[in-house]
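Raw target_5.txt, compact mmCIF, C-alpha atoms:
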# COMPACT_ATOMS: atom_id res chain seq x y z
CA MET A 1 30.12 2.44 -5.35
CA LEU A 2 27.02 3.26 -3.28
CA ALA A 3 24.97 3.72 -6.44
CA ILE A 4 25.98 0.26 -7.73
CA ILE A 5 25.22 -1.41 -4.38
CA ASN A 6 21.76 0.20 -4.17
CA THR A 7 21.05 -0.58 -7.82
CA THR A 8 21.58 -4.28 -7.11
CA LEU A 9 18.41 -4.39 -4.97
CA LEU A 10 16.30 -2.89 -7.75
CA PHE A 11 16.67 -5.88 -10.03
CA LEU A 12 14.54 -8.03 -7.78
CA GLY A 13 11.83 -6.47 -9.91
CA GLY A 14 9.38 -3.58 -9.79
CA ARG A 15 6.42 -5.78 -8.94
CA THR A 16 6.08 -8.43 -6.26
CA ASN A 17 9.13 -10.66 -6.20
CA PRO A 18 8.89 -14.32 -5.10
CA LEU A 19 11.66 -13.73 -2.54
CA ALA A 20 9.88 -10.67 -1.10
CA ASP A 21 6.61 -12.59 -0.94
CA PHE A 22 8.35 -15.49 0.83
CA LEU A 23 9.72 -13.03 3.41
CA ARG A 24 6.18 -11.63 3.91
CA VAL A 25 7.08 -8.11 2.77
CA PRO A 26 3.83 -6.14 2.27
CA LEU A 27 3.15 -5.09 -1.32
CA SER A 28 2.93 -1.39 -0.43
CA THR A 29 6.24 -1.56 1.46
CA TYR A 30 7.91 -3.37 -1.43
CA TYR A 31 6.72 -0.79 -3.97
CA LEU A 32 7.73 2.11 -1.74
CA SER A 33 11.18 0.63 -1.15
CA HIS A 34 11.68 -0.01 -4.87
CA HIS A 35 10.76 3.56 -5.77
CA TRP A 36 12.89 5.31 -3.17
CA VAL A 37 15.93 3.02 -3.33
CA GLY A 38 15.83 3.56 -7.09
CA ARG A 39 15.67 7.33 -6.77
CA VAL A 40 18.54 7.42 -4.28
CA ALA A 41 20.68 5.10 -6.42
CA ILE A 42 20.01 7.15 -9.56
CA LEU A 43 20.88 10.42 -7.82
CA GLU A 44 24.13 8.89 -6.54
CA GLY A 45 24.95 7.71 -10.06
CA LEU A 46 24.18 11.11 -11.58
CA ILE A 47 26.38 12.85 -8.99
CA HIS A 48 29.20 10.45 -9.87
CA SER A 49 28.68 11.14 -13.60
CA GLY A 50 28.71 14.89 -13.01
CA LEU A 51 31.93 14.75 -11.02
CA MET A 52 33.65 12.62 -13.66
CA LEU A 53 32.41 14.93 -16.40
CA THR A 54 34.10 17.90 -14.76
CA ARG A 55 37.38 15.97 -14.56
CA THR A 56 37.35 14.80 -18.16
CA ARG A 57 39.16 17.08 -20.53
CA HIS A 58 37.75 17.90 -23.94
CA GLY A 59 38.66 15.22 -26.48
CA GLN A 60 39.77 12.67 -23.89
CA ALA A 61 36.56 10.66 -23.68
CA THR A 62 37.03 6.88 -23.56
CA TYR A 63 34.74 3.91 -24.07
CA ARG A 64 34.44 3.62 -20.30
CA SER A 65 33.28 7.23 -19.94
CA LEU A 66 30.96 6.79 -22.93
CA SER A 67 29.31 3.77 -21.31
CA GLY A 68 28.96 5.75 -18.09
CA TYR A 69 27.19 8.60 -19.88
CA ILE A 70 24.79 6.19 -21.63
CA ALA A 71 23.99 4.53 -18.30
CA ALA A 72 23.48 7.97 -16.73
CA GLY A 73 21.10 8.92 -19.53
CA GLY A 74 19.01 5.80 -18.99
CA LEU A 75 18.95 6.34 -15.23
CA LEU A 76 17.98 9.99 -15.68
CA THR A 77 15.05 8.98 -17.88
CA LEU A 78 13.91 6.51 -15.23
CA LEU A 79 14.17 9.21 -12.57
CA LEU A 80 12.13 11.70 -14.59
CA THR A 81 9.31 9.19 -15.04
CA SER A 82 9.29 8.07 -11.39
CA PRO A 83 7.11 10.82 -9.75
CA PHE A 84 3.66 9.57 -8.83
CA PHE A 85 1.68 11.97 -11.01
CA LEU A 86 3.77 11.12 -14.09
CA ARG A 87 3.49 7.38 -13.49
CA ARG A 88 -0.25 7.76 -13.09
CA PHE A 89 -0.45 9.75 -16.34
CA PHE A 90 1.59 7.23 -18.32
CA ARG A 91 -0.31 4.26 -16.89
CA THR A 92 -3.63 5.90 -17.68
CA TYR A 93 -2.88 6.73 -21.31
CA PHE A 94 0.01 4.42 -22.18
CA ARG A 95 -0.48 1.44 -19.85
CA SER A 96 0.37 -1.09 -22.51
CA HIS A 97 3.74 0.58 -23.20
CA PHE A 98 4.87 2.12 -19.90
CA SER A 99 5.93 -1.11 -18.18
CA THR A 100 7.71 -2.30 -21.30
CA LEU A 101 9.56 1.01 -21.65
CA HIS A 102 10.54 0.94 -17.99
CA ALA A 103 11.92 -2.60 -18.31
CA ILE A 104 13.87 -1.74 -21.49
CA LEU A 105 15.44 1.34 -19.86
CA SER A 106 16.33 -0.67 -16.76
CA LEU A 107 18.01 -3.44 -18.76
CA LEU A 108 19.79 -0.88 -20.94
CA SER A 109 21.14 0.83 -17.83
CA LEU A 110 22.24 -2.51 -16.37
CA ALA A 111 24.01 -3.53 -19.60
CA THR A 112 25.87 -0.24 -19.98
CA LEU A 113 26.70 -0.25 -16.26
CA PHE A 114 28.24 -3.71 -16.68
CA TRP A 115 30.18 -2.40 -19.67
CA HIS A 116 31.30 0.56 -17.55
CA VAL A 117 32.63 -1.42 -14.56
CA ILE A 118 34.12 -4.40 -16.43
CA SER A 119 37.21 -2.36 -17.34
CA GLN A 120 37.76 -1.04 -13.82
CA PRO A 121 40.40 -2.63 -11.57
CA GLY A 122 38.11 -3.05 -8.53
CA THR A 123 36.18 -6.28 -7.94
CA VAL A 124 33.31 -5.00 -5.77
CA PRO A 125 31.53 -3.10 -8.61
CA LYS A 126 31.83 -6.14 -10.88
CA VAL A 127 30.40 -8.41 -8.21
CA CYS A 128 27.46 -6.05 -7.54
CA VAL A 129 26.56 -5.74 -11.22
CA SER A 130 26.92 -9.51 -11.68
CA VAL A 131 24.64 -10.13 -8.69
CA ALA A 132 22.08 -7.66 -10.07
CA SER A 133 22.14 -9.46 -13.44
CA ALA A 134 21.79 -12.84 -11.73
CA LEU A 135 18.87 -11.64 -9.58
CA TRP A 136 16.98 -10.36 -12.58
CA GLY A 137 17.75 -13.44 -14.67
CA LEU A 138 16.83 -15.98 -11.99
CA THR A 139 13.61 -14.26 -10.89
CA THR A 140 12.52 -13.83 -14.52
CA LEU A 141 13.29 -17.47 -15.30
CA TYR A 142 11.47 -18.62 -12.17
CA ARG A 143 8.40 -16.57 -13.07
CA PHE A 144 8.26 -17.90 -16.64
CA LEU A 145 8.68 -21.49 -15.49
CA ARG A 146 5.89 -21.08 -12.97
CA LEU A 147 3.65 -19.48 -15.59
CA ALA A 148 4.33 -22.37 -17.96
CA TYR A 149 3.49 -24.91 -15.24
CA ARG A 150 0.36 -23.29 -13.84
CA SER A 151 -0.98 -22.12 -17.20
CA GLY A 152 -4.22 -20.20 -16.82
CA GLY A 153 -7.93 -20.55 -17.15
CA ILE A 154 -10.92 -19.96 -19.40
CA ILE A 155 -13.41 -17.17 -18.80
CA GLU A 156 -16.72 -18.85 -18.07
CA ARG A 157 -18.54 -15.57 -17.73
CA ALA A 158 -17.65 -11.87 -17.94
CA GLU A 159 -20.33 -9.58 -16.50
CA TYR A 160 -20.16 -5.82 -17.00
CA PHE A 161 -21.64 -3.44 -14.44
CA GLY A 162 -20.57 -0.13 -15.96
CA GLU A 163 -17.65 0.83 -13.76
CA THR A 164 -16.61 -2.75 -12.97
CA THR A 165 -16.33 -6.16 -14.61
CA ARG A 166 -16.80 -9.44 -12.76
CA ILE A 167 -14.80 -12.30 -14.27
CA ARG A 168 -15.46 -15.95 -13.48
CA LEU A 169 -12.40 -18.00 -14.41
CA SER A 170 -12.27 -21.80 -14.61
CA SER A 171 -9.03 -23.79 -14.58
CA LYS A 172 -8.25 -27.47 -15.15
CA ARG A 173 -5.87 -27.37 -12.18
CA HIS A 174 -6.73 -26.81 -8.55
CA ILE A 175 -5.71 -23.28 -7.58
CA HIS A 176 -4.49 -22.48 -4.10
CA ALA A 177 -6.01 -19.10 -3.30
CA PRO A 178 -5.76 -18.18 0.41
CA ALA A 179 -7.91 -15.43 1.88
CA GLY A 180 -6.95 -11.99 0.60
CA SER A 181 -4.49 -13.34 -1.97
CA TYR A 182 -3.96 -11.71 -5.33
CA PHE A 183 -2.73 -12.85 -8.73
CA TYR A 184 -0.97 -11.10 -11.56
CA VAL A 185 -3.39 -11.69 -14.43
CA PHE A 186 -2.21 -11.54 -18.04
CA PRO A 187 -4.89 -10.70 -20.64
CA PRO A 188 -5.25 -12.38 -24.04
CA GLY A 189 -2.61 -11.46 -26.59
CA ALA A 190 -0.80 -12.47 -29.75
CA LEU A 191 2.27 -14.16 -28.22
CA LEU A 192 1.37 -17.72 -27.14
CA GLY A 193 -2.20 -16.51 -26.64
CA TYR A 194 -1.33 -14.02 -23.87
CA ASN A 195 -0.01 -10.50 -23.53
CA ILE A 196 3.02 -11.35 -21.38
CA LEU A 197 4.21 -7.73 -21.37
CA GLN A 198 1.14 -6.49 -19.55
CA SER A 199 -0.47 -7.76 -16.37
CA ARG A 200 -2.55 -6.43 -13.51
CA PRO A 201 -2.65 -7.50 -9.86
CA LEU A 202 -6.19 -8.68 -9.08
CA ILE A 203 -7.48 -9.75 -5.68
CA VAL A 204 -9.60 -12.89 -5.63
CA LEU A 205 -13.24 -11.95 -5.11
CA TRP A 206 -14.62 -15.46 -4.58
CA ARG A 207 -13.77 -19.14 -4.78
CA HIS A 208 -16.45 -21.41 -6.22
CA LEU A 209 -17.12 -25.01 -5.21
CA PRO A 210 -14.07 -25.40 -2.97
CA GLU A 211 -12.75 -28.93 -2.72
CA SER A 212 -10.94 -28.02 0.53
CA PRO A 213 -10.27 -24.79 2.44
CA ALA A 214 -8.38 -22.24 0.32
CA VAL A 215 -8.43 -24.49 -2.79
CA SER A 216 -10.70 -24.24 -5.81
CA SER A 217 -10.67 -24.66 -9.58
CA THR A 218 -12.94 -21.67 -10.25
CA LEU A 219 -12.17 -18.11 -9.18
CA SER A 220 -13.93 -14.79 -9.58
CA PHE A 221 -12.31 -11.37 -9.89
CA LEU A 222 -13.82 -7.88 -9.78
CA VAL A 223 -11.98 -5.44 -12.05
CA SER A 224 -12.35 -1.66 -12.12
CA ASN A 225 -13.08 -0.17 -15.55
CA GLN A 226 -11.85 3.33 -14.70
CA ASP A 227 -8.82 2.82 -16.94
CA ARG A 228 -10.25 3.33 -20.41
CA HIS A 229 -7.24 1.61 -22.01
CA SER A 230 -7.45 -1.48 -19.82
CA PRO A 231 -7.47 -4.76 -21.78
CA PHE A 232 -9.88 -6.17 -19.18
CA ARG A 233 -12.70 -3.90 -20.39
CA ASP A 234 -13.41 -5.97 -23.50
CA LEU A 235 -13.07 -9.54 -22.26
CA LYS A 236 -15.41 -12.15 -23.68
CA ASP A 237 -16.59 -15.57 -22.58
CA GLY A 238 -14.26 -18.34 -23.73
CA GLN A 239 -11.08 -16.27 -23.74
CA ARG A 240 -8.06 -17.42 -21.74
CA LEU A 241 -6.24 -15.57 -18.97
CA LEU A 242 -2.82 -16.39 -17.52
CA LEU A 243 -2.30 -16.35 -13.73
CA ASP A 244 0.91 -15.71 -11.85
CA SER A 245 1.30 -16.66 -8.16
CA PRO A 246 -0.79 -16.34 -5.65
CA TYR A 247 0.81 -13.60 -3.60
CA GLY A 248 -0.25 -12.09 -0.29
CA GLN A 249 -0.04 -12.47 3.47
CA ASP A 250 -1.96 -14.42 6.07
CA LEU A 251 -3.71 -11.85 8.29
CA GLY A 252 -4.42 -14.43 10.99
CA LEU A 253 -8.09 -13.49 11.39
CA ARG A 254 -8.81 -16.94 12.80
CA HIS A 255 -7.12 -15.94 16.06
CA TYR A 256 -9.93 -13.47 16.89
CA GLU A 257 -13.27 -14.47 18.39
CA THR A 258 -15.24 -11.79 16.53
CA VAL A 259 -14.07 -10.64 13.10
CA ILE A 260 -15.40 -7.32 11.79
CA ILE A 261 -14.62 -6.55 8.13
CA ALA A 262 -15.25 -3.07 6.69
CA ALA A 263 -15.07 -2.06 3.01
CA LYS A 264 -16.14 0.76 0.73
CA GLY A 265 -17.05 0.45 -2.93
CA ILE A 266 -14.82 -1.89 -4.87
CA GLY A 267 -12.87 -2.53 -1.65
CA ILE A 268 -15.32 -5.38 -1.01
CA THR A 269 -13.13 -7.42 -3.38
CA GLY A 270 -10.54 -8.36 -0.80
CA THR A 271 -12.88 -9.17 2.09
CA LEU A 272 -15.26 -11.95 1.04
CA THR A 273 -12.61 -14.67 0.74
CA SER A 274 -11.49 -13.90 4.31
CA ALA A 275 -14.99 -14.55 5.60
CA LEU A 276 -15.37 -17.59 3.33
CA GLU A 277 -12.17 -19.19 4.60
CA LEU A 278 -13.18 -18.73 8.23
CA ILE A 279 -16.54 -20.40 7.56
CA GLU A 280 -14.94 -23.25 5.60
CA ARG A 281 -12.62 -24.03 8.50
CA GLN A 282 -15.55 -24.10 10.92
CA GLN A 283 -17.49 -26.41 8.62
CA HIS A 284 -14.45 -28.67 8.35
CA ASN A 285 -14.36 -28.93 12.15
CA SER A 286 -18.05 -29.79 12.26
CA THR A 287 -17.60 -32.54 9.67
CA VAL A 288 -14.67 -34.09 11.54
CA LYS A 289 -16.59 -34.08 14.82
CA LYS A 290 -19.54 -35.87 13.21
CA GLN A 291 -17.23 -38.62 11.96
CA ARG A 292 -16.39 -40.10 15.33
CA SER A 293 -13.87 -42.50 13.83
CA ARG A 294 -11.69 -39.62 12.78
CA ILE A 295 -8.95 -38.30 15.06
CA TYR A 296 -9.56 -34.84 16.42
CA LYS A 297 -6.02 -33.76 15.65
CA ASN A 298 -7.31 -32.83 12.16
CA LEU A 299 -9.35 -29.97 13.65
CA PHE A 300 -8.52 -26.33 13.06
CA ARG A 301 -7.90 -24.57 16.38
CA ASP A 302 -9.67 -21.33 15.41
CA SER A 303 -11.03 -18.81 17.89
CA THR A 304 -13.52 -17.18 15.50
CA ARG A 305 -17.20 -17.45 16.41
CA LYS A 306 -18.81 -14.53 14.54
CA VAL A 307 -18.10 -12.64 11.32
CA ALA A 308 -19.61 -9.23 10.51
CA ILE A 309 -19.16 -7.45 7.17
CA PHE A 310 -19.87 -3.71 6.84
CA TRP A 311 -19.97 -2.55 3.23
CA SER A 312 -20.38 1.14 2.40
CA LEU A 313 -22.08 1.57 -0.99
CA GLU A 314 -21.44 4.63 -3.12
CA HIS A 315 -24.67 3.93 -5.01
CA ASN A 316 -27.34 1.23 -4.98
CA SER A 317 -26.21 -0.54 -8.12
CA GLN A 318 -22.96 -1.63 -6.45
CA GLU A 319 -24.90 -4.27 -4.52
CA GLU A 320 -25.26 -6.23 -7.79
CA TRP A 321 -21.49 -6.79 -7.94
CA VAL A 322 -21.44 -9.35 -5.13
CA ALA A 323 -25.10 -10.07 -4.37
CA LEU A 324 -24.73 -13.79 -5.09
CA GLU A 325 -21.53 -14.07 -3.03
CA LEU A 326 -23.06 -12.32 -0.01
CA GLN A 327 -26.08 -14.62 -0.11
CA ALA A 328 -23.79 -17.65 -0.42
CA LEU A 329 -21.91 -16.57 2.70
CA LYS A 330 -25.19 -16.17 4.53
CA ASN A 331 -26.36 -19.63 3.49
CA LEU A 332 -23.11 -21.27 4.63
CA ASP A 333 -23.52 -20.10 8.22
CA ILE A 334 -26.83 -18.32 8.78
CA LYS A 335 -26.35 -18.01 12.54
CA ASN A 336 -22.89 -16.49 12.81
CA VAL A 337 -22.54 -14.41 9.62
CA ARG A 338 -23.95 -10.90 9.35
CA TYR A 339 -23.48 -8.33 6.64
CA TYR A 340 -24.60 -4.70 6.65
CA LEU A 341 -24.97 -2.44 3.61
CA LEU A 342 -24.56 1.31 4.16
CA LEU A 343 -25.50 3.77 1.41
CA LEU A 344 -23.66 7.08 1.59

Is it possible to give me this structure as structure tokens?
Amino acid sequence: MLAIINTTLLFLGGRTNPLADFLRVPLSTYYLSHHWVGRVAILEGLIHSGLMLTRTRHGQATYRSLSGYIAAGGLLTLLLTSPFFLRRFFRTYFRSHFSTLHAILSLLSLATLFWHVISQPGTVPKVCVSVASALWGLTTLYRFLRLAYRSGGIIERAEYFGETTRIRLSSKRHIHAPAGSYFYVFPPGALLGYNILQSRPLIVLWRHLPESPAVSSTLSFLVSNQDRHSPFRDLKDGQRLLLDSPYGQDLGLRHYETVIIAAKGIGITGTLTSALELIERQQHNSTVKKQRSRIYKNLFRDSTRKVAIFWSLEHNSQEEWVALELQALKNLDIKNVRYYLLLL
């Protein structure tokens, strides 16, 4: 019973779920909860299977026990591939297949678990499995509908810097991309032009030509090339990418008078949009104040007066990754924006 109840939570999905994002659950917390709730639920299920196996006499196996053993086998496989070092190995060498295999095993376990409990007299297990199926079905349907509505964008320019790739993506639609937000990006593929079985969470590096704060039709991403099997290593200008979300949390930096942002290496990715949004809001206030006919209630009530960015470089060439973006920040507010480059 406990295993079935815990398993229900797992079918919100292994990656960011719209419900979890709405509740402002941090991505790291969501992943950690998914991993450990899954491990506990699987261990509970395996203990149940072991106890039932000892009670079953030879030759008395039924369809219900058979379904339970199949579900236990799928859960055991998921458990064996859950340790961090194994997941890292599989994602390094079999990234394009690991997520698909994990999803297939999960759905197989859910289907056989439903088969297992449907013949039992109790109603609670049936309800839990039905809820798990509904959660997975509804969240999957919601994600596909949102993907179909928001479509994606065309790569205007893909620049390679050895260990990273900077992608400039243009979309026909205005994209809401708050500071520090991230998207699940689907690379080009054979099915409908995209590889819908493989995606990567990418933090927005920069928003170009914003029509209003946090809104733009052109985004830039900085992608690490450390994964030699990554489909983002060989992107070309003119190809299309599919975007899912945005996800993320509002850090509320505008409530602080002085904002100090520190980053190291590729960590600069998630910091520039935070500084950009603060400057955009200040510029919006200045524009409203100049238009005396406008009502001041449209002003942002921010406390921020200065923004300082400290970026620790691992080598000199890393400055090329965001040189244009740093200079653009400086030009937007030359008095109150400072950035410092530290070479270690």

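Nearest-residue note for Asp237 of chain A: choosing from A:Pro188, A:Gly74, A:Pro26, A:Gly122, the minimum distance belongs to A:Pro188, counting all atoms listed in the file.
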
So how far away is atom CA of Ile203 of chain A from atom CA of Ala177 of chain A, in Å? 9.8 Å

A:Ser133, A:Thr287, A:Thr304, A:Ser217 ranked by distance to Leu108 of chain A, top pick (using only C-alpha atoms): A:Ser133

Between atom CA of Gly180 of chain A and atom CA of Arg305 of chain A, what is the spacing in Å?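 Value for the atom CA of Arg305 of chain A-atom CA of Gly180 of chain A distance: 19.6 Å.
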
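When atom CA of Ser106 of chain A is paired with atom CA of Leu78 of chain A, their separation reads 7.7 Å.
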
With all atoms listed in the file as the atoms that count, which of A:Gln283, A:Ser303, A:Ser245, A:Thr140 lies nearest to Phe186 of chain A?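 Using all atoms listed in the file, Phe186 of chain A sits closest to A:Ser245.
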
Measuring between all atoms listed in the file, which one of A:Thr271, A:Ser317, A:Ser312, A:Ser33 shows the shortest distance to Glu163 of chain A?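 Closest candidate: A:Ser317.
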
At a cut-off of 12 Å from (-2.0, -8.6, -9.0) in the coordinates of the file, what residues are picked up using only C-alpha atoms, written as number ranges by chain? A: 15-17, 27, 180-186, 198-204, 221-223, 242-248, 270

Determine, for each residue of segment 78-183 of chain A having at least one atom at most 12 Å from an atom of segment 40-54 of chain A, the closest pair of atoms and their separation in Å to one decimal, counting only C-alpha atoms; order by chain and ascending number, as a tab-separated table.
residue	atom	partner	partner_atom	distance
A:Leu78	CA	A:Ile42	CA	8.4
A:Leu79	CA	A:Ile42	CA	6.9
A:Leu80	CA	A:Ile42	CA	10.4
A:Ser82	CA	A:Ile42	CA	10.9
A:Ser106	CA	A:Ile42	CA	11.2
A:Ser109	CA	A:Ile42	CA	10.5
A:Leu113	CA	A:Gly45	CA	10.2
A:His116	CA	A:Ser49	CA	11.6

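Ranking A:Trp321, A:Tyr256, A:Tyr160, A:Phe114 by their shortest atom-to-atom distance to Ser67 of chain A, with all atoms listed in the file included, puts A:Phe114 first.
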
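Taking only C-alpha atoms into account, Trp311 of chain A lies nearest to A:Gly265 out of the set A:Gly265, A:Leu101, A:Leu169, A:Ile175.
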